[in-house]
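Only one structure is covered here, and it is reproduced in the block below.
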Amino acid sequence: IKAGARIVGHDGGPVRAPLVDLKPHEMEELKALIDKLGPQ
C-alpha cells in the first residue's frame with residue numbers, strides 16, 4: 001500500500017518491521033501496473 005501511495009505522489013512513510021520496502025525491480029513492476037490501470 002505504501003509503495004503504491006508513494007508511486008502516485010503520496011508519502012505514507014516507511015513500513016514497520018518485520019515488513020520491508022519493495023526492491024527497485026518490484027517498484028518498477030508495481031508502477032507498470034498502476035500506469036496500466038490509470039486513475040481510479
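Each chain in the C-alpha cells gets a letter, A, B and so on, in the order shown; residues start at 1 in every chain, and ligands are counted from 1 in the order they appear.
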Write down as an NGL selection string the residues belonging to chain A that are assigned helix (DSSP H, G or I) by DSSP computed on the backbone. :A and (2-7 or 24-37)
Can I get the selection written as a compact mmCIF listing (two decimals), in the first residue's frame, with all heavy atoms?
```txt
# COMPACT_ATOMS: atom_id res chain seq x y z
N LYS A 2 1.87 1.28 0.90
CA LYS A 2 2.71 2.47 0.99
C LYS A 2 3.52 2.69 -0.29
O LYS A 2 3.69 3.83 -0.71
CB LYS A 2 3.63 2.37 2.21
CG LYS A 2 2.85 2.50 3.50
CD LYS A 2 3.74 2.51 4.71
CE LYS A 2 2.88 2.62 5.95
NZ LYS A 2 3.40 3.57 6.89
N ALA A 3 3.98 1.62 -0.90
CA ALA A 3 4.74 1.76 -2.15
C ALA A 3 3.83 2.32 -3.24
O ALA A 3 4.24 3.20 -3.99
CB ALA A 3 5.31 0.41 -2.57
N GLY A 4 2.62 1.83 -3.33
CA GLY A 4 1.68 2.34 -4.33
C GLY A 4 1.35 3.79 -4.08
O GLY A 4 1.26 4.59 -5.02
N ALA A 5 1.16 4.16 -2.83
CA ALA A 5 0.88 5.55 -2.50
C ALA A 5 2.06 6.43 -2.90
O ALA A 5 1.88 7.52 -3.44
CB ALA A 5 0.59 5.69 -1.01
N ARG A 6 3.26 5.96 -2.64
CA ARG A 6 4.47 6.71 -3.00
C ARG A 6 4.55 6.92 -4.51
O ARG A 6 4.89 8.01 -4.98
CB ARG A 6 5.71 5.97 -2.49
CG ARG A 6 6.98 6.78 -2.55
CD ARG A 6 8.16 6.07 -1.87
NE ARG A 6 7.86 5.78 -0.47
CZ ARG A 6 7.89 4.55 0.06
NH1 ARG A 6 8.24 3.51 -0.66
NH2 ARG A 6 7.60 4.37 1.33
N ILE A 7 4.21 5.90 -5.27
CA ILE A 7 4.27 5.98 -6.74
C ILE A 7 3.32 7.05 -7.27
O ILE A 7 3.65 7.76 -8.22
CB ILE A 7 3.97 4.61 -7.37
CG1 ILE A 7 5.17 3.68 -7.13
CG2 ILE A 7 3.68 4.73 -8.86
CD1 ILE A 7 4.91 2.23 -7.50
N PRO A 24 13.87 -2.27 -5.88
CA PRO A 24 13.68 -1.41 -7.06
C PRO A 24 12.91 -2.09 -8.20
O PRO A 24 12.02 -1.47 -8.80
CB PRO A 24 15.11 -1.05 -7.47
CG PRO A 24 15.86 -1.08 -6.18
CD PRO A 24 15.25 -2.22 -5.41
N HIS A 25 13.22 -3.35 -8.50
CA HIS A 25 12.51 -4.00 -9.61
C HIS A 25 11.04 -4.25 -9.26
O HIS A 25 10.17 -4.24 -10.12
CB HIS A 25 13.22 -5.29 -10.05
CG HIS A 25 13.03 -6.45 -9.12
ND1 HIS A 25 13.82 -6.63 -8.00
CD2 HIS A 25 12.15 -7.47 -9.14
CE1 HIS A 25 13.42 -7.73 -7.36
NE2 HIS A 25 12.42 -8.25 -8.04
N GLU A 26 10.74 -4.44 -7.99
CA GLU A 26 9.35 -4.62 -7.56
C GLU A 26 8.58 -3.29 -7.69
O GLU A 26 7.42 -3.28 -8.08
CB GLU A 26 9.29 -5.13 -6.12
CG GLU A 26 9.86 -6.53 -5.98
CD GLU A 26 10.06 -6.96 -4.54
OE1 GLU A 26 10.36 -6.12 -3.68
OE2 GLU A 26 9.90 -8.18 -4.28
N MET A 27 9.26 -2.19 -7.37
CA MET A 27 8.64 -0.87 -7.54
C MET A 27 8.32 -0.62 -9.01
O MET A 27 7.26 -0.08 -9.33
CB MET A 27 9.56 0.23 -7.00
CG MET A 27 9.62 0.33 -5.50
SD MET A 27 8.11 0.94 -4.75
CE MET A 27 8.29 2.68 -5.04
N GLU A 28 9.23 -1.02 -9.90
CA GLU A 28 9.01 -0.85 -11.34
C GLU A 28 7.80 -1.66 -11.80
O GLU A 28 6.99 -1.17 -12.59
CB GLU A 28 10.25 -1.26 -12.12
CG GLU A 28 11.42 -0.33 -11.94
CD GLU A 28 12.70 -0.85 -12.59
OE1 GLU A 28 12.61 -1.76 -13.45
OE2 GLU A 28 13.77 -0.34 -12.24
N GLU A 29 7.68 -2.89 -11.30
CA GLU A 29 6.54 -3.73 -11.66
C GLU A 29 5.23 -3.12 -11.16
O GLU A 29 4.23 -3.10 -11.88
CB GLU A 29 6.71 -5.13 -11.10
CG GLU A 29 7.81 -5.93 -11.75
CD GLU A 29 8.02 -7.29 -11.09
OE1 GLU A 29 7.20 -7.70 -10.24
OE2 GLU A 29 9.02 -7.94 -11.45
N LEU A 30 5.24 -2.63 -9.93
CA LEU A 30 4.04 -2.02 -9.37
C LEU A 30 3.68 -0.76 -10.14
O LEU A 30 2.51 -0.52 -10.45
CB LEU A 30 4.24 -1.71 -7.89
CG LEU A 30 3.06 -1.07 -7.17
CD1 LEU A 30 1.81 -1.93 -7.28
CD2 LEU A 30 3.41 -0.80 -5.72
N LYS A 31 4.67 0.06 -10.48
CA LYS A 31 4.41 1.27 -11.26
C LYS A 31 3.80 0.94 -12.63
O LYS A 31 2.87 1.60 -13.08
CB LYS A 31 5.67 2.09 -11.44
CG LYS A 31 5.42 3.40 -12.17
CD LYS A 31 6.64 4.25 -12.24
CE LYS A 31 6.40 5.60 -12.90
NZ LYS A 31 5.39 5.74 -13.88
N ALA A 32 4.30 -0.12 -13.25
CA ALA A 32 3.75 -0.54 -14.54
C ALA A 32 2.27 -0.92 -14.40
O ALA A 32 1.45 -0.57 -15.26
CB ALA A 32 4.55 -1.70 -15.12
N LEU A 33 1.92 -1.62 -13.33
CA LEU A 33 0.52 -1.98 -13.11
C LEU A 33 -0.34 -0.75 -12.86
O LEU A 33 -1.44 -0.63 -13.42
CB LEU A 33 0.41 -2.93 -11.91
CG LEU A 33 0.92 -4.34 -12.10
CD1 LEU A 33 0.94 -5.08 -10.78
CD2 LEU A 33 0.06 -5.07 -13.11
N ILE A 34 0.16 0.17 -12.05
CA ILE A 34 -0.60 1.38 -11.76
C ILE A 34 -0.78 2.21 -13.02
O ILE A 34 -1.87 2.73 -13.30
CB ILE A 34 0.10 2.19 -10.64
CG1 ILE A 34 -0.05 1.43 -9.31
CG2 ILE A 34 -0.48 3.60 -10.53
CD1 ILE A 34 0.76 2.00 -8.17
N ASP A 35 0.29 2.33 -13.82
CA ASP A 35 0.20 3.09 -15.07
C ASP A 35 -0.81 2.45 -16.03
O ASP A 35 -1.56 3.15 -16.71
CB ASP A 35 1.57 3.17 -15.76
CG ASP A 35 2.54 4.09 -15.01
OD1 ASP A 35 2.09 4.87 -14.16
OD2 ASP A 35 3.75 4.00 -15.29
N LYS A 36 -0.84 1.14 -16.08
CA LYS A 36 -1.75 0.42 -16.97
C LYS A 36 -3.21 0.64 -16.56
O LYS A 36 -4.08 0.84 -17.41
CB LYS A 36 -1.42 -1.07 -16.96
CG LYS A 36 -2.28 -1.90 -17.87
CD LYS A 36 -1.87 -3.36 -17.83
CE LYS A 36 -2.79 -4.21 -18.69
NZ LYS A 36 -2.42 -5.61 -18.65
N LEU A 37 -3.48 0.64 -15.26
CA LEU A 37 -4.85 0.79 -14.78
C LEU A 37 -5.34 2.22 -14.83
O LEU A 37 -6.54 2.46 -14.91
CB LEU A 37 -4.97 0.27 -13.34
CG LEU A 37 -4.80 -1.23 -13.18
CD1 LEU A 37 -4.77 -1.60 -11.71
CD2 LEU A 37 -5.92 -1.97 -13.88
```
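The interatomic distance for the pair atom CA of Pro14 of chain A and atom CA of Gly38 of chain A works out to 24.6 Å.
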